[in-house]
file entry_31.txt (compact mmCIF, C-alpha atoms and all ligand atoms)
# COMPACT_ATOMS: atom_id res chain seq x y z
CA MET A 9 22.94 -29.03 -35.46
CA PRO A 10 25.06 -29.94 -32.42
CA ILE A 11 24.75 -27.69 -29.38
CA GLU A 12 27.83 -26.86 -27.35
CA ARG A 13 27.72 -28.45 -23.84
CA LEU A 14 28.05 -25.12 -21.99
CA GLU A 15 25.48 -23.55 -24.26
CA LYS A 16 23.11 -26.35 -23.32
CA TYR A 17 23.62 -25.56 -19.60
CA PHE A 18 22.83 -21.92 -20.21
CA LEU A 19 19.70 -22.84 -22.13
CA TRP A 20 18.53 -24.98 -19.22
CA ALA A 21 19.42 -22.24 -16.73
CA ALA A 22 17.51 -19.63 -18.74
CA GLY A 23 14.54 -22.00 -18.95
CA ALA A 24 14.67 -22.61 -15.18
CA VAL A 25 14.69 -18.85 -14.47
CA LEU A 26 11.69 -18.36 -16.75
CA LEU A 27 9.88 -21.18 -14.94
CA VAL A 28 10.62 -19.59 -11.54
CA PHE A 29 9.29 -16.22 -12.78
CA PHE A 30 6.18 -17.86 -14.17
CA LEU A 31 5.53 -19.73 -10.90
CA THR A 32 6.13 -16.57 -8.83
CA VAL A 33 3.64 -14.56 -10.85
CA SER A 34 1.09 -17.41 -10.90
CA VAL A 35 1.28 -18.08 -7.15
CA SER A 36 1.06 -14.39 -6.20
CA ALA A 37 -1.82 -13.74 -8.60
CA PHE A 38 -3.94 -16.84 -8.10
CA ALA A 39 -2.99 -18.27 -4.68
CA TRP A 40 -2.34 -14.99 -2.84
CA GLY A 41 -4.83 -12.89 -4.77
CA MET A 42 -2.44 -10.06 -5.66
CA GLN A 43 -4.12 -8.25 -8.50
CA LEU A 44 -4.48 -4.87 -10.06
CA PRO A 45 -7.40 -2.87 -8.65
CA ASN A 46 -10.73 -3.80 -10.19
CA PRO A 47 -13.37 -1.15 -10.96
CA ASP A 48 -14.69 -1.44 -7.35
CA GLY A 49 -11.40 0.00 -6.14
CA ARG A 50 -11.64 3.14 -8.23
CA VAL A 51 -12.96 6.57 -7.35
CA ASP A 52 -13.30 9.91 -9.08
CA PRO A 53 -10.56 12.03 -7.47
CA GLU A 54 -12.34 15.29 -8.32
CA ASN A 55 -15.63 14.22 -6.86
CA LEU A 56 -14.94 11.89 -3.97
CA THR A 57 -17.98 10.00 -2.77
CA ALA A 58 -18.52 8.02 0.44
CA PRO A 59 -16.54 7.08 2.38
CA PHE A 60 -13.85 9.45 1.08
CA ASP A 61 -16.02 12.56 1.34
CA LYS A 62 -15.69 12.22 5.11
CA PRO A 63 -12.28 10.66 5.85
CA GLU A 64 -12.10 9.38 9.41
CA LEU A 65 -11.31 6.47 11.69
CA ARG A 66 -14.24 4.25 12.50
CA GLU A 67 -14.64 1.13 14.58
CA ILE A 68 -16.24 -1.61 12.51
CA ALA A 69 -16.08 -4.35 15.16
CA PRO A 70 -14.50 -4.67 18.62
CA GLY A 71 -10.78 -4.07 18.08
CA GLN A 72 -11.26 -3.68 14.31
CA TYR A 73 -10.95 -0.28 12.77
CA GLU A 74 -11.23 1.18 9.32
CA ALA A 75 -9.20 4.30 8.65
CA VAL A 76 -10.45 6.11 5.58
CA LEU A 77 -7.76 8.57 4.55
CA THR A 78 -7.31 11.06 1.77
CA ALA A 79 -3.95 12.33 0.60
CA GLN A 80 -3.36 15.68 -1.06
CA THR A 81 -0.47 18.09 -1.43
CA TRP A 82 0.80 18.11 1.34
CA ALA A 83 -1.32 16.47 3.96
CA PHE A 84 -3.18 13.39 4.98
CA LEU A 85 -6.73 13.72 6.25
CA PRO A 86 -7.11 12.92 9.06
CA ASN A 87 -3.54 13.35 10.25
CA LYS A 88 -4.03 12.03 13.79
CA LEU A 89 -5.37 8.61 14.74
CA ASP A 90 -5.84 7.34 18.28
CA ILE A 91 -6.37 3.62 18.71
CA PRO A 92 -6.28 1.18 21.61
CA VAL A 93 -3.51 -1.40 21.95
CA GLY A 94 -4.30 -4.62 20.10
CA SER A 95 -6.29 -2.95 17.34
CA THR A 96 -6.26 -4.03 13.75
CA VAL A 97 -6.62 -1.13 11.37
CA THR A 98 -7.48 -1.39 7.69
CA PHE A 99 -6.37 1.76 5.92
CA LYS A 100 -8.26 2.76 2.80
CA ILE A 101 -6.54 5.61 1.09
CA THR A 102 -6.91 7.59 -2.07
CA SER A 103 -5.41 10.78 -3.44
CA LYS A 104 -7.24 13.96 -4.36
CA ASP A 105 -4.58 15.29 -6.68
CA ILE A 106 -1.27 13.64 -7.56
CA ILE A 107 0.62 10.48 -6.68
CA HIS A 108 1.61 10.22 -3.02
CA GLY A 109 2.84 7.36 -0.87
CA PHE A 110 1.86 5.85 2.45
CA GLU A 111 4.33 4.15 4.72
CA ILE A 112 4.35 3.31 8.42
CA PRO A 113 8.00 2.83 9.37
CA GLY A 114 8.39 -0.31 11.48
CA LYS A 115 5.20 -1.90 10.11
CA ARG A 116 4.41 -3.79 6.96
CA ALA A 117 2.61 -0.90 5.37
CA ASN A 118 3.95 0.65 2.21
CA VAL A 119 1.64 1.51 -0.67
CA MET A 120 1.36 4.03 -3.45
CA ILE A 121 -1.53 6.47 -3.28
CA ILE A 122 -2.77 7.06 -6.78
CA PRO A 123 -5.55 9.48 -7.74
CA GLY A 124 -8.58 7.51 -8.90
CA GLN A 125 -7.61 4.34 -7.06
CA VAL A 126 -8.09 3.04 -3.54
CA SER A 127 -5.09 1.53 -1.78
CA THR A 128 -5.82 -0.83 1.09
CA VAL A 129 -3.45 -2.12 3.73
CA THR A 130 -4.15 -3.77 7.09
CA VAL A 131 -1.90 -3.34 10.11
CA LYS A 132 -2.09 -4.75 13.64
CA PHE A 133 -0.89 -2.57 16.50
CA ASP A 134 -0.18 -4.88 19.43
CA LYS A 135 2.13 -2.63 21.45
CA PRO A 136 1.62 0.88 22.79
CA GLY A 137 3.56 3.62 21.08
CA GLU A 138 3.54 6.29 18.45
CA PHE A 139 3.82 5.66 14.76
CA LEU A 140 4.08 8.04 11.87
CA TYR A 141 2.54 7.54 8.51
CA ILE A 142 4.57 9.33 5.95
CA CYS A 143 4.37 10.19 2.30
CA HIS A 144 7.25 8.35 0.67
CA GLU A 145 6.75 9.56 -2.86
CA TYR A 146 8.21 12.95 -3.73
CA CYS A 147 5.22 15.21 -4.30
CA GLY A 148 6.60 18.72 -4.29
CA ILE A 149 8.23 21.37 -2.18
CA ALA A 150 6.59 20.38 1.14
CA HIS A 151 6.71 16.62 0.62
CA HIS A 152 8.83 16.20 3.75
CA VAL A 153 6.09 17.61 6.03
CA MET A 154 3.40 15.31 4.70
CA PHE A 155 2.76 12.88 7.52
CA GLY A 156 0.30 11.86 10.20
CA LYS A 157 0.61 10.31 13.63
CA ILE A 158 -0.92 7.19 15.13
CA THR A 159 -1.06 6.96 18.90
CA VAL A 160 -1.53 3.45 20.25
CA ALA A 161 -2.45 3.48 23.94
CU1 LIG B 201 2.83 13.53 -0.69
CU2 LIG B 201 5.21 13.27 -0.83

call {"tool": "encode", "arguments": {"input": "entry_31.txt", "output": "C-alpha cells", "more": "lines below"}}
Ligand code: CUA
result
Amino acid sequence: MPIERLEKYFLWAAGAVLLVFFLTVSVSAFAWGMQLPNPDGRVDPENLTAPFDKPELREIAPGQYEAVLTAQTWAFLPNKLDIPVGSTVTFKITSKDIIHGFEIPGKRANVMIIPGQVSTVTVKFDKPGEFLYICHEYCGIAHHVMFGKITVA
C-alpha cells in the first residue's frame, strides 16, 4: 500500500520524538541515577525513627551539613538553620501527615515532601544572606505560613 509523502514525514517525525523521549528517560534513569525511592528511602510517618525522631542540623564533615527536617501541618521542624558561608547542606525531609513541598527560592531546591518517603536535596550556600524554605504545595488553611529560615553568615 503506497504511503503519502507527507504522511511518511509525519511517521518519521513521530518516530524521532519517541526516540528522543526514550533517550531522555534512559539517560536520566541510568546515567544520572534519577529513580523512584527504594525501600531505604521510606519511613513510617506515624512512628518516625532515627534520624527523623530528632530533626536537626548536624555537621557531618568540615563545611558539610546534614539538615534532617520534618514537615507537618503547618510547620517545618526545625524552622531556623544557621550555617557558615561556603557550607554544603544536604536536606533530608519527610512528612508526618500529608503532602507538603520544600522549596528554597533562588536555589536549585524544589522537592515534594510525601509521608512515608524521604526527599533529599543538596544545596551549596556560598554567599552570606538569608533564605527561606517554603512549603509550595497547598496543605490547608495556614499553608502560607509554613516556612523556615536559613541564615548564612
Ligand atoms: Cu505545607 Cu503547604

call {"tool": "closest_residue", "arguments": {"input": "entry_31.txt", "among": "A:Thr159, A:Ser103, A:Gln43, A:Gln125", "to": "Phe139 (chain A)", "atoms": "only C-alpha atoms"}}
result
A:Thr159

call {"tool": "axis_aligned_box", "arguments": {"input": "entry_31.txt", "around": "region 63-76 of chain A", "padding_each_side": "4 Å", "output": "lines of an AutoDock Vina configuration file"}}
result
center_x = -12.7
center_y = 3.0
center_z = 12.1
size_x = 15.0
size_y = 23.3
size_z = 21.0

call {"tool": "residues_near_ligand", "arguments": {"input": "entry_31.txt", "ligand": "ligand LIG 201 (chain B)", "cutoff": "9 Å", "atoms": "only C-alpha atoms and all ligand atoms", "output": "list in words"}}
result
Ala79, Gln80, Thr81, Trp82, Ala83, Phe84, Ile106, Ile107, His108, Gly109, Phe110, Ile121, Ile142, Cys143, His144, Glu145, Tyr146, Cys147, Gly148, Ile149, Ala150, His151, His152, Val153, Met154 and Phe155 of chain A

call {"tool": "atom_distance", "arguments": {"input": "entry_31.txt", "atom1": "CA of Asn55 (chain A)", "atom2": "CA of Gln72 (chain A)"}}
result
28.1 Å

call {"tool": "atom_distance", "arguments": {"input": "entry_31.txt", "atom1": "CA of Lys100 (chain A)", "atom2": "CA of Val76 (chain A)"}}
result
4.9 Å

call {"tool": "residues_near_point", "arguments": {"input": "entry_31.txt", "point": "(7.0, 2.6, 5.9)", "cutoff": "9 Å", "atoms": "all atoms listed in the file", "output": "list in words"}}
result
Phe110, Glu111, Ile112, Pro113, Gly114, Lys115, Arg116, Ala117, Asn118, Val119, Leu140, Tyr141, Ile142, Cys143 and His144 of chain A

call {"tool": "atom_distance", "arguments": {"input": "entry_31.txt", "atom1": "CA of Glu54 (chain A)", "atom2": "CA of Thr102 (chain A)"}}
result
11.3 Å

call {"tool": "residues_around", "arguments": {"input": "entry_31.txt", "residues": "region 128-132 of chain A", "least_positions_apart": "4", "cutoff": "7 Å", "atoms": "only C-alpha atoms", "output": "MDAnalysis selection string"}}
result
chainID A and resid 94:101 117

call {"tool": "write_last_selection", "arguments": {"input": "entry_31.txt", "atoms": "C-alpha atoms", "output": "PDB file, in the frame of the given file"}}
result
ATOM      1  CA  GLY A  94      -4.300  -4.620  20.100  1.00  0.00           C
ATOM      2  CA  SER A  95      -6.290  -2.950  17.340  1.00  0.00           C
ATOM      3  CA  THR A  96      -6.260  -4.030  13.750  1.00  0.00           C
ATOM      4  CA  VAL A  97      -6.620  -1.130  11.370  1.00  0.00           C
ATOM      5  CA  THR A  98      -7.480  -1.390   7.690  1.00  0.00           C
ATOM      6  CA  PHE A  99      -6.370   1.760   5.920  1.00  0.00           C
ATOM      7  CA  LYS A 100      -8.260   2.760   2.800  1.00  0.00           C
ATOM      8  CA  ILE A 101      -6.540   5.610   1.090  1.00  0.00           C
ATOM      9  CA  ALA A 117       2.610  -0.900   5.370  1.00  0.00           C
TER      10      ALA A 117
END
